[in-house]
Amino acid sequence: MASITEARYGFIGIGQMGWGMALNIRKKIPASAKMVICEVSEARRTAFIEQVEATGQRVEVARTPREVAERADIIVTMLPKREHVHHVYTDKENGLLSIAPQDRKIRFVECSTIEAATSTEVGQEVARSGLGSFVDAPVSGGPNGANAGTLTLMVGAASEADYDSALPVLEMMGQNIFYCGAPGAGLASKQINNYLSAASTVAVCEAMNMGVKAGLDPKVLAALINVSSGRCYNSKEQNPVKGVTPGAASENDFAGGFSVELCKGVLEMAVALAKDVDAQLLLGDTILKLYGKAVADERTKGRDSRSVYRLIADGDA
């Protein structure tokens with residue numbers, strides 16, 4: 001297996017999160033190291049290359065995942081849904097695992113937020129292929145964390161050796177890295193965190209709306225919450241009231257960011273996990289119903305998950 005300094009790097013999926021993650025890898029690997037990307041959107045691919053080249057560095061482009069596997073020793077995948085992950089890895093003609101067995105071993109690092117069962121299945125396919133090792137390493141921290149290289153990564157691996165092998169590239173993308181256990185453990189941890197984040201999002205939206213309607217200054221209210229027991233990521237970093245938190249999604253009318261559609265998807269995974277392990281959820285169905293409305297409502301669909309504040313503020317959530 002190639003050393004971290006000699007390795008060739010591959011990245012598939014230059015989306016909202018993948019953009020910053022891939023940029024951080026390119027910045028932190030040796031200038032002489034090769035990096036190849038694969039991205040279906042020509043516009044995003046071109047823009048990413050231009051940003052990299054503006055720093056005096058370069059990346060190569062692969063047309064298919066198979067080409068990435070042929071040209072890289074460490075491959076990170078960051079994709080929207082389970083079907084994308086399954087296709088990228090297992091497509092018979094152009095998937096990562098379609099290349100012939102070889103002497104070198106590839107480190108596969110799968111960072112997408114998908115169902116644990118799909119990830120475990122893909123990991124088993126990697127093991128059967130003999131091409132290398134596989135870890136599931138979903139992330140938390142949003143696009144800001146991806147761009148800053150400060151993500152939290154939750155890792156599931158078949159062995160501690162596989163985790164240790166992936167750790168150097170994980171450290172290029174994040175600051176807080178946790179070995180959660182067996183394959184799928186990273187994703188289970190991620191889903192639990194996403195459930196708690198969604199619950200706190202809704203609670204912060206309700207609290208801030210209550211304060212606004214009570215005539216309180218939202219900046220003062222947020223400031224006192226953030227030094228009191230009610231503080232959380234969504235009250236401090238992503239306050240839903242415009243003008244309270246610089247850089248929050250609310251500042252840009254909730255354009256971009258972690259969409260209500262993605263939030264609904266991870267909530268569904270978390271609620272399913274709770275049912276699988278017989279864990280009671282008092283808020284799960286209520287929050288899921290709210291996001292079910294949000295993905296269809298013109299005020300919120302396609303917008304950041306904190307945009308549910310609009311529904312709550314309008315009194316018809």
# chains A, B, ... in the order shown; residues from 1 in each chain; ligands from 1
$ residues_around --residues "Gly13 (chain A)" --least-positions-apart "2" --cutoff "6 Å" --atoms "only C-alpha atoms" --output "list in words"
Gly15, Gly18, Glu39, Met78 and Leu79 of chain A
$ write_last_selection --atoms "C-alpha atoms" --output "PDB file, in the first residue's frame"
ATOM      1  CA  GLY A  15     -20.770  18.774  -4.314  1.00  0.00           C
ATOM      2  CA  GLY A  18     -17.078  17.431  -1.419  1.00  0.00           C
ATOM      3  CA  GLU A  39     -17.698  14.906 -10.995  1.00  0.00           C
ATOM      4  CA  MET A  78     -18.843  11.913  -1.198  1.00  0.00           C
ATOM      5  CA  LEU A  79     -22.184  11.330  -2.928  1.00  0.00           C
TER       6      LEU A  79
END
$ residues_around --residues "Asp314 (chain A)" --least-positions-apart "5" --cutoff "10 Å" --atoms "only C-alpha atoms" --output "short mmCIF file (atom, residue, chain, number, x, y, z; two decimals) with all heavy atoms, in the first residue's frame"
data_model
loop_
_atom_site.label_atom_id
_atom_site.label_comp_id
_atom_site.auth_asym_id
_atom_site.auth_seq_id
_atom_site.Cartn_x
_atom_site.Cartn_y
_atom_site.Cartn_z
N ASN A 209 -38.63 32.49 17.28
CA ASN A 209 -39.92 33.04 16.85
C ASN A 209 -40.73 33.53 18.05
O ASN A 209 -41.37 34.60 18.00
CB ASN A 209 -40.71 31.96 16.10
CG ASN A 209 -42.07 32.47 15.64
OD1 ASN A 209 -42.16 33.45 14.91
ND2 ASN A 209 -43.13 31.79 16.07
N VAL A 308 -37.14 26.12 7.83
CA VAL A 308 -38.43 25.79 8.47
C VAL A 308 -38.84 26.89 9.43
O VAL A 308 -40.00 26.94 9.85
CB VAL A 308 -38.39 24.43 9.20
CG1 VAL A 308 -38.20 23.29 8.20
CG2 VAL A 308 -37.31 24.40 10.27
N TYR A 309 -37.91 27.78 9.77
CA TYR A 309 -38.26 28.95 10.59
C TYR A 309 -39.39 29.74 9.93
O TYR A 309 -40.26 30.29 10.63
CB TYR A 309 -37.03 29.85 10.77
CG TYR A 309 -37.33 31.12 11.54
CD1 TYR A 309 -37.50 31.09 12.92
CD2 TYR A 309 -37.45 32.34 10.89
CE1 TYR A 309 -37.78 32.27 13.63
CE2 TYR A 309 -37.72 33.51 11.59
CZ TYR A 309 -37.89 33.46 12.96
OH TYR A 309 -38.18 34.62 13.65
#
$ closest_residue --among "A:Ser119, A:Asn147, A:Thr90, A:Gln57" --to "Trp19 (chain A)" --atoms "only C-alpha atoms"
A:Asn147
$ closest_residue --among "A:Lys219, A:Ser165, A:Gln124, A:Thr77" --to "Pro246 (chain A)" --atoms "only C-alpha atoms"
A:Lys219
$ residues_around --residues "Lys301 (chain A)" --least-positions-apart "6" --cutoff "9 Å" --atoms "only C-alpha atoms" --output "list in words"
Ser259, Val260, Glu261, Lys293, Ala294, Val295 and Ser307 of chain A
$ write_last_selection --atoms "N, CA and C atoms" --output "PDB file, in the first residue's frame"
ATOM      1  N   SER A 259     -29.883  21.155   2.686  1.00  0.00           N
ATOM      2  CA  SER A 259     -31.257  21.402   2.255  1.00  0.00           C
ATOM      3  C   SER A 259     -32.295  20.655   3.092  1.00  0.00           C
ATOM      4  N   VAL A 260     -33.525  21.139   3.012  1.00  0.00           N
ATOM      5  CA  VAL A 260     -34.624  20.460   3.704  1.00  0.00           C
ATOM      6  C   VAL A 260     -34.807  19.049   3.166  1.00  0.00           C
ATOM      7  N   GLU A 261     -34.505  18.861   1.881  1.00  0.00           N
ATOM      8  CA  GLU A 261     -34.622  17.527   1.279  1.00  0.00           C
ATOM      9  C   GLU A 261     -33.601  16.565   1.891  1.00  0.00           C
ATOM     10  N   LYS A 293     -43.489  18.562   5.066  1.00  0.00           N
ATOM     11  CA  LYS A 293     -44.162  19.767   4.569  1.00  0.00           C
ATOM     12  C   LYS A 293     -43.164  20.704   3.902  1.00  0.00           C
ATOM     13  N   ALA A 294     -41.984  20.823   4.486  1.00  0.00           N
ATOM     14  CA  ALA A 294     -40.979  21.777   3.998  1.00  0.00           C
ATOM     15  C   ALA A 294     -40.506  21.455   2.583  1.00  0.00           C
ATOM     16  N   VAL A 295     -40.399  20.175   2.247  1.00  0.00           N
ATOM     17  CA  VAL A 295     -39.887  19.825   0.909  1.00  0.00           C
ATOM     18  C   VAL A 295     -40.906  20.140  -0.187  1.00  0.00           C
ATOM     19  N   SER A 307     -34.594  26.816   7.102  1.00  0.00           N
ATOM     20  CA  SER A 307     -35.688  27.606   6.517  1.00  0.00           C
ATOM     21  C   SER A 307     -37.052  27.227   7.083  1.00  0.00           C
TER      22      SER A 307
END
$ closest_residue --among "A:Gln51, A:Thr64, A:Asn24, A:Thr46" --to "Gly145 (chain A)" --atoms "only C-alpha atoms"
A:Asn24
$ residues_around --residues "Arg71 (chain A)" --least-positions-apart "2" --cutoff "9 Å" --atoms "only C-alpha atoms" --output "ChimeraX atom specification"
/A:8-10,34-36,62,66-69,73
$ write_last_selection --atoms "C-alpha atoms" --output "CSV table (one decimal), in the first residue's frame"
chain,number,residue,atom,x,y,z
A,8,ARG,CA,-2.0,9.2,-5.7
A,9,TYR,CA,-5.4,10.6,-4.5
A,10,GLY,CA,-8.8,10.3,-6.0
A,34,LYS,CA,-1.2,13.6,-8.1
A,35,MET,CA,-4.9,14.1,-7.5
A,36,VAL,CA,-7.7,13.0,-9.9
A,62,ALA,CA,-11.4,11.2,-14.8
A,66,ARG,CA,-13.1,3.1,-13.0
A,67,GLU,CA,-10.6,5.6,-14.3
A,68,VAL,CA,-10.2,7.0,-10.7
A,69,ALA,CA,-9.4,3.5,-9.4
A,73,ASP,CA,-4.2,4.8,-4.3
$ select_by_dssp --residues "region 29-274 of chain A" --states "alpha helix (DSSP H)" --output "JSON, numbers by chain"
{"A": [42, 43, 44, 45, 46, 47, 48, 49, 50, 51, 52, 53, 54, 65, 66, 67, 68, 69, 70, 71, 82, 83, 84, 85, 86, 87, 88, 89, 90, 116, 117, 118, 119, 120, 121, 122, 123, 124, 125, 126, 127, 128, 129, 142, 143, 144, 145, 146, 147, 148, 160, 161, 162, 163, 164, 165, 166, 167, 168, 169, 170, 171, 172, 173, 185, 186, 187, 188, 189, 190, 191, 192, 193, 194, 195, 196, 197, 198, 199, 200, 201, 202, 203, 204, 205, 206, 207, 208, 209, 210, 211, 212, 213, 218, 219, 220, 221, 222, 223, 224, 225, 233, 234, 235, 236, 260, 261, 262, 263, 264, 265, 266, 267, 268, 269, 270, 271, 272, 273, 274]}
$ residues_around --residues "Asn194 (chain A)" --least-positions-apart "5" --cutoff "8 Å" --atoms "only C-alpha atoms" --output "number ranges by chain"
A: 263, 266-267, 270
$ closest_residue --among "A:Ala7, A:Gly184, A:Arg128, A:Gln191" --to "Ile106 (chain A)" --atoms "only C-alpha atoms"
A:Ala7
$ atom_distance --atom1 "CA of Leu273 (chain A)" --atom2 "CA of His87 (chain A)"
23.5 Å
$ closest_residue --among "A:Leu96, A:Val126, A:Val220, A:Val202" --to "Arg306 (chain A)" --atoms "only C-alpha atoms"
A:Val202
$ select_by_dssp --residues "region 84-271 of chain A" --states "strand (DSSP E or B)" --output "PyMOL selection string"
chain A and resi 106-110+132-136+139-140+151-157+174-181+259
